[in-house]
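Structure file protein02.tsv (TSV, C-alpha atoms) is printed below.
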chain	number	residue	atom	x	y	z
A	539	MET	CA	40.63	23.44	-63.28
A	540	ARG	CA	39.88	23.65	-66.93
A	541	ARG	CA	41.83	26.11	-69.06
A	542	ALA	CA	38.66	27.98	-70.08
A	543	THR	CA	37.71	28.54	-66.43
A	544	VAL	CA	41.17	29.94	-65.68
A	545	ARG	CA	40.88	32.28	-68.63
A	546	ARG	CA	37.45	33.47	-67.42
A	547	LEU	CA	38.79	34.17	-63.94
A	548	LEU	CA	41.97	35.90	-65.12
A	549	VAL	CA	40.27	39.14	-66.15
A	550	PRO	CA	38.35	39.82	-62.90
A	551	ILE	CA	41.37	38.79	-60.81
A	552	SER	CA	43.60	41.24	-62.72
A	553	PHE	CA	41.05	43.99	-62.20
A	554	ALA	CA	40.87	43.19	-58.50
A	555	ILE	CA	44.67	43.31	-58.12
A	556	PHE	CA	44.79	46.61	-60.03
A	557	ALA	CA	42.02	48.15	-57.91
A	558	VAL	CA	43.61	47.04	-54.63
A	559	GLY	CA	46.95	48.41	-55.83
A	560	CYS	CA	45.48	51.82	-56.69
A	561	GLY	CA	43.49	52.07	-53.50
A	562	ALA	CA	46.40	51.09	-51.32
A	563	GLY	CA	48.92	53.27	-53.18
A	564	GLN	CA	48.02	56.53	-51.54
A	565	PRO	CA	48.17	55.43	-47.86
A	566	ILE	CA	51.36	53.45	-48.50
A	567	ASP	CA	53.01	56.54	-50.02
A	568	ALA	CA	51.77	58.72	-47.17
A	569	GLN	CA	53.34	56.26	-44.74
A	570	ALA	CA	56.56	56.41	-46.75
A	571	VAL	CA	56.55	60.23	-46.45
A	572	ARG	CA	56.16	59.92	-42.68
A	573	ARG	CA	58.91	57.31	-42.49
A	574	SER	CA	61.27	59.48	-44.52
A	575	PHE	CA	60.58	62.52	-42.31
A	576	SER	CA	61.18	60.46	-39.20
A	577	LYS	CA	64.47	59.16	-40.66
A	578	LEU	CA	65.52	62.73	-41.42
A	579	GLN	CA	64.80	63.79	-37.84
A	580	SER	CA	66.93	60.90	-36.53
A	581	ALA	CA	69.73	61.77	-38.97
A	582	LEU	CA	69.69	65.41	-37.83
A	583	ASP	CA	69.83	64.22	-34.25
A	584	SER	CA	72.84	62.01	-34.90
A	585	GLN	CA	74.40	64.48	-37.39
A	586	ASP	CA	74.47	61.78	-40.07
A	587	ALA	CA	75.47	64.00	-43.02
A	588	GLN	CA	75.04	61.31	-45.66
A	589	THR	CA	71.42	60.61	-44.70
A	590	ILE	CA	70.60	64.30	-44.26
A	591	CYS	CA	71.90	65.04	-47.76
A	592	ARG	CA	69.93	62.08	-49.12
A	593	LEU	CA	66.64	63.13	-47.52
A	594	LEU	CA	66.79	66.87	-48.32
A	595	ALA	CA	66.17	68.11	-51.85
A	596	PRO	CA	67.61	71.63	-52.41
A	597	ILE	CA	65.05	73.32	-54.65
A	598	GLY	CA	64.70	77.02	-55.54
A	599	GLN	CA	63.12	78.68	-52.50
A	600	ALA	CA	60.32	80.42	-54.33
A	601	SER	CA	59.37	77.31	-56.29
A	602	SER	CA	55.64	77.06	-55.80
A	603	LEU	CA	53.89	73.73	-55.96
A	604	ALA	CA	52.86	74.56	-59.55
A	605	VAL	CA	56.48	75.24	-60.54
A	606	LEU	CA	57.57	72.03	-58.85
A	607	GLN	CA	54.87	70.07	-60.63
A	608	ALA	CA	56.03	71.47	-63.94
A	609	GLY	CA	59.65	70.56	-63.13
A	610	MET	CA	58.99	67.05	-61.85
A	611	PRO	CA	59.41	65.26	-65.20
A	612	GLN	CA	62.90	66.76	-65.46
A	613	LEU	CA	63.72	65.79	-61.87
A	614	GLN	CA	62.46	62.28	-62.50
A	615	ARG	CA	64.88	61.96	-65.41
A	616	MET	CA	67.79	62.47	-63.03
A	617	SER	CA	69.89	59.30	-62.92
A	618	ARG	CA	70.64	57.54	-59.64
A	619	GLN	CA	74.32	58.18	-60.35
A	620	GLN	CA	73.70	61.93	-60.70
A	621	LEU	CA	71.69	61.95	-57.49
A	622	GLN	CA	74.37	59.97	-55.65
A	623	GLY	CA	77.03	62.43	-56.86
A	624	GLU	CA	75.01	65.32	-55.40
A	625	ILE	CA	74.60	63.49	-52.10
A	626	GLU	CA	78.32	62.73	-51.84
A	627	ASP	CA	79.28	66.36	-52.58
A	628	CYS	CA	76.79	67.60	-50.02
A	629	ALA	CA	77.90	65.13	-47.32
A	630	ARG	CA	81.52	66.20	-47.75
A	631	SER	CA	80.57	69.87	-47.17
A	632	LEU	CA	77.95	69.66	-44.43
A	633	ARG	CA	79.14	70.84	-41.02
A	634	PRO	CA	77.51	70.67	-37.59
A	635	SER	CA	76.76	74.41	-37.79
A	636	ASP	CA	74.74	73.77	-40.98
A	637	ILE	CA	72.82	70.93	-39.34
A	638	GLU	CA	72.07	72.58	-35.99
A	639	PRO	CA	69.39	75.08	-37.14
A	640	LEU	CA	67.61	72.35	-39.10
A	641	LYS	CA	67.70	70.01	-36.13
A	642	ARG	CA	66.36	72.77	-33.86
A	643	GLY	CA	63.56	73.58	-36.27
A	644	LEU	CA	62.46	70.08	-37.23
A	645	THR	CA	62.82	68.23	-33.93
A	646	GLY	CA	59.50	67.64	-32.25
A	647	LEU	CA	57.44	68.16	-35.40
A	648	SER	CA	55.09	65.41	-36.46
A	649	LEU	CA	53.23	65.12	-39.74
A	650	ARG	CA	49.47	65.46	-39.31
A	651	THR	CA	48.09	65.38	-42.81
A	652	VAL	CA	49.89	64.19	-45.89
A	653	ALA	CA	48.38	64.90	-49.28
A	654	LEU	CA	49.78	63.33	-52.40
A	655	VAL	CA	49.71	65.39	-55.57
A	656	HIS	CA	50.95	65.22	-59.13
A	657	ASP	CA	50.84	61.53	-59.87
A	658	HIS	CA	52.06	60.71	-56.36
A	659	ASP	CA	55.58	62.12	-56.81
A	660	LEU	CA	54.90	65.29	-54.81
A	661	ALA	CA	53.38	65.53	-51.35
A	662	THR	CA	52.38	68.36	-49.07
A	663	ALA	CA	52.27	67.79	-45.34
A	664	ARG	CA	51.17	69.75	-42.33
A	665	ALA	CA	53.83	69.42	-39.64
A	666	VAL	CA	52.85	70.44	-36.13
A	667	SER	CA	54.34	70.63	-32.69
A	668	ALA	CA	53.35	72.55	-29.59
A	669	GLY	CA	52.42	76.04	-30.71
A	670	ARG	CA	53.57	75.94	-34.32
A	671	SER	CA	52.82	74.41	-37.66
A	672	LEU	CA	54.55	74.31	-41.02
A	673	ASN	CA	53.50	73.35	-44.52
A	674	LEU	CA	56.19	71.08	-45.87
A	675	ILE	CA	56.74	69.80	-49.39
A	676	PHE	CA	58.20	66.40	-50.24
A	677	VAL	CA	59.41	65.18	-53.62
A	678	LYS	CA	59.76	61.54	-54.58
A	679	LEU	CA	62.98	60.85	-56.43
A	680	ALA	CA	64.48	57.50	-57.24
A	681	GLY	CA	61.82	55.84	-55.12
A	682	GLU	CA	62.52	57.87	-51.99
A	683	TRP	CA	60.65	60.81	-50.46
A	684	ARG	CA	62.84	63.85	-49.78
A	685	LEU	CA	61.94	67.04	-47.92
A	686	ALA	CA	62.18	70.14	-50.13
A	687	PHE	CA	64.84	72.57	-48.88
A	688	GLY	CA	64.31	76.17	-50.06
A	689	ASN	CA	67.70	76.88	-51.55
A	690	ARG	CA	68.29	80.58	-52.23
B	150	MET	CA	65.90	157.87	-21.77
B	151	PRO	CA	69.54	157.22	-22.80
B	152	ARG	CA	69.05	153.74	-21.62
B	153	ARG	CA	65.95	153.33	-23.80
B	154	ARG	CA	67.95	154.64	-26.82
B	155	TYR	CA	70.70	152.18	-26.06
B	156	ASP	CA	68.15	149.38	-25.87
B	157	ALA	CA	66.70	150.50	-29.18
B	158	VAL	CA	70.13	150.49	-30.80
B	159	ARG	CA	70.85	147.09	-29.34
B	160	ALA	CA	67.52	145.83	-30.54
B	161	ALA	CA	68.21	147.16	-34.04
B	162	GLY	CA	71.66	145.54	-34.00
B	163	SER	CA	70.17	142.31	-32.78
B	164	GLY	CA	67.63	142.50	-35.60
B	165	ARG	CA	70.39	142.86	-38.19
B	166	ARG	CA	72.27	139.95	-36.67
B	167	GLY	CA	69.04	137.91	-36.65
B	168	ALA	CA	68.43	138.70	-40.31
B	169	SER	CA	71.93	137.72	-41.35
B	170	ALA	CA	71.70	134.56	-39.27
B	171	LYS	CA	68.45	133.67	-41.00
B	172	LEU	CA	70.02	134.41	-44.39
B	173	ALA	CA	73.01	132.20	-43.53
B	174	LEU	CA	70.68	129.44	-42.40
B	175	LEU	CA	68.63	129.75	-45.58
B	176	CYS	CA	71.80	129.59	-47.70
B	177	ALA	CA	72.96	126.53	-45.79
B	178	VAL	CA	69.63	124.79	-46.29
B	179	VAL	CA	69.58	125.65	-50.01
B	180	ALA	CA	73.19	124.46	-50.36
B	181	LEU	CA	72.34	121.23	-48.57
B	182	LEU	CA	69.30	120.65	-50.74
B	183	VAL	CA	71.22	121.36	-53.93
B	184	GLY	CA	74.10	119.15	-52.76
B	185	ALA	CA	71.80	116.33	-51.84
B	186	SER	CA	69.92	116.51	-55.11
B	187	VAL	CA	73.15	116.60	-57.11
B	188	ALA	CA	74.52	113.68	-55.10
B	189	SER	CA	71.37	111.64	-55.48
B	190	GLY	CA	71.14	112.60	-59.13
B	191	THR	CA	74.69	111.47	-59.70
B	192	SER	CA	73.98	108.22	-57.91
B	193	PHE	CA	70.80	107.70	-59.89
B	194	ASN	CA	72.55	108.38	-63.18
B	195	LEU	CA	75.28	105.96	-62.24
B	196	VAL	CA	72.67	103.28	-61.55
B	197	LYS	CA	71.24	103.87	-65.04
B	198	ARG	CA	74.71	103.93	-66.58
B	199	VAL	CA	75.28	100.50	-65.08
B	200	GLY	CA	72.09	99.39	-66.79
B	201	LEU	CA	69.70	99.07	-63.87
B	202	TYR	CA	66.32	100.70	-63.40
B	203	SER	CA	65.12	102.05	-60.07
B	204	GLY	CA	64.97	98.82	-58.04
B	205	TYR	CA	68.48	98.08	-56.92
B	206	THR	CA	67.55	94.69	-55.56
B	207	THR	CA	66.98	91.32	-57.13
B	208	HIS	CA	63.38	90.17	-57.52
B	209	SER	CA	61.99	86.71	-57.30
B	210	GLY	CA	59.71	86.01	-60.27
B	211	CYS	CA	59.95	89.57	-61.65
B	212	PRO	CA	57.90	91.76	-62.06
B	213	GLN	CA	55.51	90.68	-59.31
B	214	GLY	CA	58.25	89.22	-57.14
B	215	GLN	CA	59.29	90.48	-53.77
B	216	PRO	CA	62.68	92.22	-53.49
B	217	ILE	CA	65.17	89.62	-52.33
B	218	ASP	CA	68.81	90.78	-52.19
B	219	PRO	CA	70.43	94.17	-52.82
B	220	ILE	CA	72.83	94.60	-55.70
B	221	ASN	CA	76.16	95.38	-54.05
B	222	VAL	CA	78.92	94.62	-56.57
B	223	VAL	CA	79.39	95.91	-60.13
B	224	TRP	CA	82.03	94.70	-62.57
B	225	SER	CA	82.88	97.07	-65.41
B	226	GLY	CA	85.00	96.34	-68.43
B	227	ASN	CA	85.75	97.48	-71.94
B	228	THR	CA	85.19	94.20	-73.73
B	229	SER	CA	82.53	91.57	-73.98
B	230	ALA	CA	84.74	89.41	-71.71
B	231	THR	CA	83.00	91.23	-68.88
B	232	ASN	CA	80.03	88.90	-68.76
B	233	PRO	CA	78.47	86.66	-66.09
B	234	THR	CA	80.13	83.48	-67.32
B	235	THR	CA	83.69	84.79	-67.30
B	236	ILE	CA	83.22	86.48	-63.91
B	237	ALA	CA	81.76	83.25	-62.50
B	238	ASP	CA	84.67	81.26	-63.94
B	239	VAL	CA	87.12	83.49	-62.07
B	240	PHE	CA	85.14	82.83	-58.88
B	241	SER	CA	85.46	79.06	-59.42
B	242	SER	CA	89.06	78.91	-60.52
B	243	ARG	CA	90.69	81.62	-58.42
B	244	LEU	CA	88.45	82.53	-55.47
B	245	ALA	CA	87.49	78.93	-54.54
B	246	TRP	CA	83.76	79.64	-54.78
B	247	THR	CA	83.31	76.40	-56.64
B	248	HIS	CA	79.74	75.45	-55.84
B	249	ASN	CA	77.38	76.06	-58.76
B	250	ASP	CA	73.66	75.44	-58.24
B	251	ASP	CA	73.19	75.53	-62.02
B	252	ASP	CA	75.01	72.18	-62.16
B	253	SER	CA	72.66	70.64	-59.63
B	254	PRO	CA	69.95	68.39	-61.03
B	255	PHE	CA	67.57	70.22	-58.68
B	256	GLY	CA	68.42	73.52	-60.39
B	257	PRO	CA	69.08	76.98	-58.95
B	258	ASP	CA	66.85	79.64	-57.41
B	259	TYR	CA	66.50	82.14	-60.23
B	260	GLN	CA	66.14	85.85	-59.52
B	261	TYR	CA	65.88	88.96	-61.66
B	262	VAL	CA	66.96	92.59	-61.92
B	263	ILE	CA	65.05	95.32	-63.74
B	264	ARG	CA	67.22	96.63	-66.54
B	265	TYR	CA	67.49	100.12	-67.97
B	266	PRO	CA	66.64	101.15	-70.62
B	267	GLY	CA	63.58	99.14	-71.51
B	268	HIS	CA	62.44	98.35	-67.99
B	269	TYR	CA	62.56	94.61	-68.50
B	270	CYS	CA	63.45	91.73	-66.22
B	271	GLN	CA	66.84	90.11	-66.58
B	272	ARG	CA	67.35	86.68	-65.05
B	273	ASP	CA	70.72	85.80	-63.48
B	274	GLN	CA	72.98	84.04	-65.95
B	275	ALA	CA	75.48	82.52	-63.56
B	276	GLN	CA	76.07	82.18	-59.85
B	277	ARG	CA	78.62	80.75	-57.46
B	278	ALA	CA	78.80	79.87	-53.77
B	279	ASP	CA	81.55	78.87	-51.41
B	280	ASP	CA	79.58	75.88	-50.11
B	281	CYS	CA	76.82	73.37	-50.81
B	282	ALA	CA	73.14	74.12	-51.47
B	283	ILE	CA	71.97	73.10	-48.01
B	284	CYS	CA	74.94	74.69	-46.20
B	285	ASN	CA	75.31	78.07	-44.55
B	286	ARG	CA	77.33	79.79	-47.24
B	287	ASP	CA	78.30	82.95	-49.12
B	288	HIS	CA	76.57	83.15	-52.47
B	289	ILE	CA	76.35	85.54	-55.43
B	290	ARG	CA	74.32	85.73	-58.64
B	291	PHE	CA	75.58	87.51	-61.76
B	292	PHE	CA	73.35	89.56	-64.08
B	293	PRO	CA	74.43	91.11	-67.41
B	294	THR	CA	73.30	94.72	-67.66
B	295	TYR	CA	75.59	96.22	-70.29
B	296	ILE	CA	74.20	99.00	-72.39
B	297	THR	CA	75.77	100.93	-75.22
B	298	GLY	CA	76.41	104.62	-75.49
B	299	TYR	CA	77.46	105.29	-71.93
B	300	GLY	CA	81.24	105.05	-71.95
B	301	SER	CA	82.38	101.71	-70.63
B	302	PRO	CA	79.57	99.55	-71.93
B	303	PHE	CA	80.07	96.18	-70.28
B	304	HIS	CA	78.67	95.70	-66.81
B	305	VAL	CA	77.81	92.73	-64.66
B	306	VAL	CA	76.02	93.28	-61.35
B	307	GLY	CA	76.02	90.89	-58.40
B	308	ASP	CA	74.10	90.32	-55.17
B	309	ALA	CA	76.64	88.97	-52.68
B	310	HIS	CA	74.82	87.61	-49.63
B	311	HIS	CA	75.14	85.09	-46.84
B	312	ASP	CA	72.71	82.17	-46.98
B	313	GLU	CA	71.78	80.93	-43.53
B	314	ASN	CA	69.80	77.79	-42.74
B	315	VAL	CA	66.49	78.25	-40.90
B	316	VAL	CA	63.24	76.44	-40.31
B	317	SER	CA	60.60	79.09	-40.25
B	318	THR	CA	56.90	79.68	-39.86
B	319	GLY	CA	56.96	83.21	-41.26
B	320	CYS	CA	57.42	82.63	-44.99
B	321	LEU	CA	55.03	84.08	-47.52
B	322	HIS	CA	52.53	81.59	-48.89
B	323	GLY	CA	54.19	79.25	-51.32
B	324	ILE	CA	57.72	79.74	-50.01
B	325	ILE	CA	59.37	76.58	-48.74
B	326	PRO	CA	59.80	77.03	-44.96
B	327	VAL	CA	62.92	74.89	-44.56
B	328	GLY	CA	65.81	76.62	-46.26
B	329	HIS	CA	67.89	79.77	-46.55
B	330	ILE	CA	67.45	83.35	-45.48
B	331	SER	CA	69.87	86.12	-46.45
B	332	SER	CA	71.34	87.13	-43.12
B	333	ASP	CA	74.15	89.44	-44.27
B	334	PHE	CA	75.03	91.47	-47.35
B	335	ASN	CA	77.96	93.66	-46.32
B	336	GLY	CA	80.25	90.86	-45.08
B	337	PRO	CA	80.05	88.74	-48.26
B	338	ARG	CA	80.39	91.89	-50.43
B	339	ASN	CA	83.53	92.95	-48.56
B	340	LEU	CA	84.91	89.42	-48.85
B	341	VAL	CA	84.31	89.45	-52.61
B	342	VAL	CA	86.05	92.83	-52.91
B	343	ARG	CA	89.05	91.66	-50.84
B	344	LYS	CA	89.44	88.43	-52.81
B	345	TRP	CA	88.86	90.01	-56.23
B	346	THR	CA	91.26	92.93	-55.78
B	347	ALA	CA	93.87	90.57	-54.28
B	348	LEU	CA	94.02	88.83	-57.66
B	349	GLY	CA	96.06	91.83	-58.81
B	350	GLY	CA	96.82	92.72	-62.42
B	351	GLY	CA	93.76	93.86	-64.32
B	352	TYR	CA	91.55	92.99	-61.37
B	353	SER	CA	93.09	95.54	-58.98
B	354	GLY	CA	91.29	98.64	-57.88
B	355	VAL	CA	87.90	99.37	-56.44
B	356	PHE	CA	85.75	102.42	-56.01
B	357	TRP	CA	82.65	102.73	-53.92
B	358	ARG	CA	79.32	104.46	-54.50
B	359	ARG	CA	76.39	104.68	-52.16
B	360	TRP	CA	73.09	103.69	-53.78
B	361	ARG	CA	69.69	103.90	-52.15
B	362	ASN	CA	69.42	100.16	-51.78
B	363	ASP	CA	69.58	99.94	-48.02
B	364	GLN	CA	65.95	99.23	-47.15
B	365	PRO	CA	65.43	96.47	-44.58
B	366	LEU	CA	64.37	93.28	-46.36
B	367	ARG	CA	62.07	90.90	-44.52
B	368	GLN	CA	63.32	87.35	-44.33
B	369	CYS	CA	61.33	84.15	-43.99
B	370	ASP	CA	62.00	83.85	-40.27
B	371	GLY	CA	60.61	87.35	-39.66
B	372	SER	CA	64.02	88.98	-39.27
B	373	TYR	CA	65.00	92.04	-41.30
B	374	HIS	CA	68.41	92.47	-42.88
B	375	SER	CA	69.70	95.33	-45.00
B	376	SER	CA	72.74	96.34	-46.97
B	377	ASN	CA	74.46	99.56	-45.92
B	378	GLY	CA	73.83	100.70	-49.49
B	379	TRP	CA	77.47	100.86	-50.56
B	380	VAL	CA	78.20	99.28	-53.91
B	381	ALA	CA	81.72	98.15	-54.89
B	382	PHE	CA	82.80	98.83	-58.47
B	383	LEU	CA	85.41	96.35	-59.64
B	384	HIS	CA	87.29	95.73	-62.89
B	385	GLY	CA	85.85	92.79	-64.76

Rendering of file as C-alpha cells:
Amino acid sequence: MRRATVRRLLVPISFAIFAVGCGAGQPIDAQAVRRSFSKLQSALDSQDAQTICRLLAPIGQASSLAVLQAGMPQLQRMSRQQLQGEIEDCARSLRPSDIEPLKRGLTGLSLRTVALVHDHDLATARAVSAGRSLNLIFVKLAGEWRLAFGNR
Amino acid sequence: MPRRRYDAVRAAGSGRRGASAKLALLCAVVALLVGASVASGTSFNLVKRVGLYSGYTTHSGCPQGQPIDPINVVWSGNTSATNPTTIADVFSSRLAWTHNDDDSPFGPDYQYVIRYPGHYCQRDQAQRADDCAICNRDHIRFFPTYITGYGSPFHVVGDAHHDENVVSTGCLHGIIPVGHISSDFNGPRNLVVRKWTALGGGYSGVFWRRWRNDQPLRQCDGSYHSSNGWVAFLHG
C-alpha cells in the first residue's frame, strides 16, 4: 500500500476507533459496577475483610450526588498507596459483627439499572430483591468501582 | 332538728376543709410551676452559657439539615487549651480512640451546631472514634462554642454516639442507604465520662445537667433512638 493511501485511511480509522471506544465505554463500565457489586457480595459471604474494605468507600452519609460530584476530583487525586493504607487499616479492624448486618442487607440484591454520571467515575444503581429496592451509589477510584458506605 | 344542725355544722366544717385543701392544691401547683420554670430557665441559661442556641443536637448541612445526634458532653476550661484539637488529641493518646475520619482520603461526615450568640452554624472541628469508618463503633465530634463574658469562657461540646452498620430502605432522599445509624447515645457518653475522669489530675470531676435534648431521633432504618437528656460537664 502506498504511503499516501495509508495516510488517507489513518484519519477515518482513528475516528472509528474513538467512536467505538466511547460507545462501548458506558456498557463496559456498567458491567464493571455489576462485577464489583457481585464481588462484594461474595466477600461479605466469605467474610473476606480485605476485599470488603477494598470495595466499600466510606463517605459522609449525607453526601448527596452533587456533593460527591464536587468532591470527585479530590478523591481521584488520592494515591494508590494512600488508598491501600486505608484498606489495610480497615481490614485489621473489621470484625464479623461489623460484616454481618451488611451481608444480611446486601445478600440477594441484584442491580437492575446502572447509570453512569460525572465523567463515568460515579454511578447510581437500583438494587432490587423480593419486596425491596435500594438506590446505591458507586465511586470509581484507582480503576475500581466501590460501593459508597454512608459513614456517620 | 338537732341532727339537721349537726349536719349543717359538719357541712360547714367540711366546706372549710375543702377550701383549705383547694388552697393547698393551688399552692402546690403554683410552686410546681414556678419550680419547673426556674429549673428550665436555669437549664436554658446554662445551654446559652455553653454557647449553644436552642437546638441541642447536631445538624447535617445546617441550617436546613435534620437533627442528627444530641449534644451530651461539654468540656469547660479556663484557657484556650480547651479546644476541639486538644480534646481530640487526648482521646487519641490516652483514651485509645485513635480513628480519625479527617485523616481518611474519603473525608469525614461533617455536622453542625447552632451557636449562641449570633445564631450561626458551627461545623465540627475534630472527631475521634474507637474503630474504623465501616465498623460498628463509638464516635464523637467536637465543636468549639466558647463565648466571652460568661465566667469560664472556653467550652467544647461533643455528640458521643454509637455508629451501627445497617442496610436500609428508609433513608431520606439523598442519604446513602448502606452505612451507619446512631443506635445509642447514653452508653458512649457514659463511657467517655468514665474514661475521661479516670485520667485523674485536672481531668477529674464531672457534674450532670438535664437538657431538653431527649427527643426521639429517626434513623435511616426507621428506628428511633434518643438520649436521656443528661449532659456531662467535664474539665477540659

- Message: Quick check: residues of chain B within 9 Å of chain A, only C-alpha atoms, returned as a ChimeraX atom specification.
- Response: /B:209-210,253-259,280-285,288,312-318,322-331

- Query: Got a sec: who's within 12 Å of Leu348 (chain B), counting all atoms listed in the file, leaving out chain neighbours fewer than 3 positions off, as a ChimeraX atom specification?
  - Reply: /B:239-240,242-244,341-345,351-354,383-385

- Message: I'd like the interatomic distance between CA of Pro233 (chain B) and CA of Ser375 (chain B), to a tenth of an Å.
- Response: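 Between these atoms lies a distance of 24.4 Å.
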
Could you pull the residues within 10 Å of Trp357 (chain B), counting all atoms listed in the file, minus those fewer than 3 positions along the same chain, as a short mmCIF file (atom, residue, chain, number, x, y, z; two decimals) with C-alpha atoms, in the frame of the given file?
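Output file part_13.cif is given in full below:
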data_model
loop_
_atom_site.label_atom_id
_atom_site.label_comp_id
_atom_site.auth_asym_id
_atom_site.auth_seq_id
_atom_site.Cartn_x
_atom_site.Cartn_y
_atom_site.Cartn_z
CA ASN B 221 76.16 95.38 -54.05
CA VAL B 222 78.92 94.62 -56.57
CA VAL B 223 79.39 95.91 -60.13
CA TRP B 360 73.09 103.69 -53.78
CA TRP B 379 77.47 100.86 -50.56
CA VAL B 380 78.20 99.28 -53.91
CA ALA B 381 81.72 98.15 -54.89
CA PHE B 382 82.80 98.83 -58.47
CA LEU B 383 85.41 96.35 -59.64
#

- Residues within 12 Å of Pro565 (chain A), all atoms listed in the file, excluding chain neighbours under 6 positions, as a PyMOL selection string: chain A and resi 558-559+571-572+651-654+658+661

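The smallest atom-to-atom distance between Arg264 (chain B) and any of B:Gly204, B:Pro337, B:Pro302, B:Gly319, using all atoms listed in the file, is found for B:Gly204.
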
- Query: For the atom pair CA of Ser332 (chain B) and CA of Ser372 (chain B), what is the interatomic distance in Å to one decimal place?
  - Reply: 8.5 Å

- Query: In Å, how far is it from CA of Leu582 (chain A) to CA of Arg277 (chain B)?
  - Reply: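 Going from CA of Leu582 (chain A) over to CA of Arg277 (chain B), I get 26.5 Å.
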
- Message: Using all atoms listed in the file, can you tell me which of A:Val605, A:Leu593, A:Leu649, A:Ala665 comes closest to Ala680 (chain A)?
- Response: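 Using all atoms listed in the file, Ala680 (chain A) sits closest to A:Leu593.
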
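Of the listed residues B:Gln260, B:Thr234, B:Gln368, B:Asn194, the one whose atoms come nearest to Leu321 (chain B) is B:Gln368, with distances taken using all atoms listed in the file.
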
Render region 223-235 of chain B from the structure in the preceding block as a file of N, CA and C atoms, as a PDB file, in the first residue's frame.
ATOM      1  N   VAL B 223     -19.949  18.188  77.597  1.00  0.00           N
ATOM      2  CA  VAL B 223     -19.404  19.553  77.497  1.00  0.00           C
ATOM      3  C   VAL B 223     -18.087  19.590  78.255  1.00  0.00           C
ATOM      4  N   TRP B 224     -17.046  20.112  77.615  1.00  0.00           N
ATOM      5  CA  TRP B 224     -15.777  20.338  78.301  1.00  0.00           C
ATOM      6  C   TRP B 224     -15.654  21.835  78.574  1.00  0.00           C
ATOM      7  N   SER B 225     -15.320  22.170  79.809  1.00  0.00           N
ATOM      8  CA  SER B 225     -15.146  23.580  80.164  1.00  0.00           C
ATOM      9  C   SER B 225     -13.729  23.784  80.678  1.00  0.00           C
ATOM     10  N   GLY B 226     -13.171  24.921  80.367  1.00  0.00           N
ATOM     11  CA  GLY B 226     -11.823  25.211  80.839  1.00  0.00           C
ATOM     12  C   GLY B 226     -11.592  26.694  80.921  1.00  0.00           C
ATOM     13  N   ASN B 227     -10.464  27.068  81.527  1.00  0.00           N
ATOM     14  CA  ASN B 227     -10.191  28.488  81.716  1.00  0.00           C
ATOM     15  C   ASN B 227      -9.205  29.044  80.710  1.00  0.00           C
ATOM     16  N   THR B 228      -8.683  28.174  79.852  1.00  0.00           N
ATOM     17  CA  THR B 228      -7.710  28.668  78.876  1.00  0.00           C
ATOM     18  C   THR B 228      -8.106  28.203  77.479  1.00  0.00           C
ATOM     19  N   SER B 229      -7.419  28.773  76.516  1.00  0.00           N
ATOM     20  CA  SER B 229      -7.722  28.414  75.130  1.00  0.00           C
ATOM     21  C   SER B 229      -7.295  26.987  74.814  1.00  0.00           C
ATOM     22  N   ALA B 230      -6.624  26.314  75.775  1.00  0.00           N
ATOM     23  CA  ALA B 230      -6.261  24.901  75.559  1.00  0.00           C
ATOM     24  C   ALA B 230      -7.513  24.038  75.495  1.00  0.00           C
ATOM     25  N   THR B 231      -8.626  24.563  76.007  1.00  0.00           N
ATOM     26  CA  THR B 231      -9.879  23.815  75.874  1.00  0.00           C
ATOM     27  C   THR B 231     -10.442  24.099  74.490  1.00  0.00           C
ATOM     28  N   ASN B 232      -9.964  23.330  73.533  1.00  0.00           N
ATOM     29  CA  ASN B 232     -10.450  23.480  72.158  1.00  0.00           C
ATOM     30  C   ASN B 232     -10.562  22.085  71.530  1.00  0.00           C
ATOM     31  N   PRO B 233     -11.276  21.960  70.424  1.00  0.00           N
ATOM     32  CA  PRO B 233     -11.520  20.636  69.844  1.00  0.00           C
ATOM     33  C   PRO B 233     -10.257  19.827  69.576  1.00  0.00           C
ATOM     34  N   THR B 234      -9.200  20.501  69.116  1.00  0.00           N
ATOM     35  CA  THR B 234      -7.992  19.766  68.752  1.00  0.00           C
ATOM     36  C   THR B 234      -7.327  19.136  69.967  1.00  0.00           C
ATOM     37  N   THR B 235      -7.211  19.915  71.046  1.00  0.00           N
ATOM     38  CA  THR B 235      -6.529  19.353  72.227  1.00  0.00           C
ATOM     39  C   THR B 235      -7.374  18.251  72.867  1.00  0.00           C
TER      40      THR B 235
END
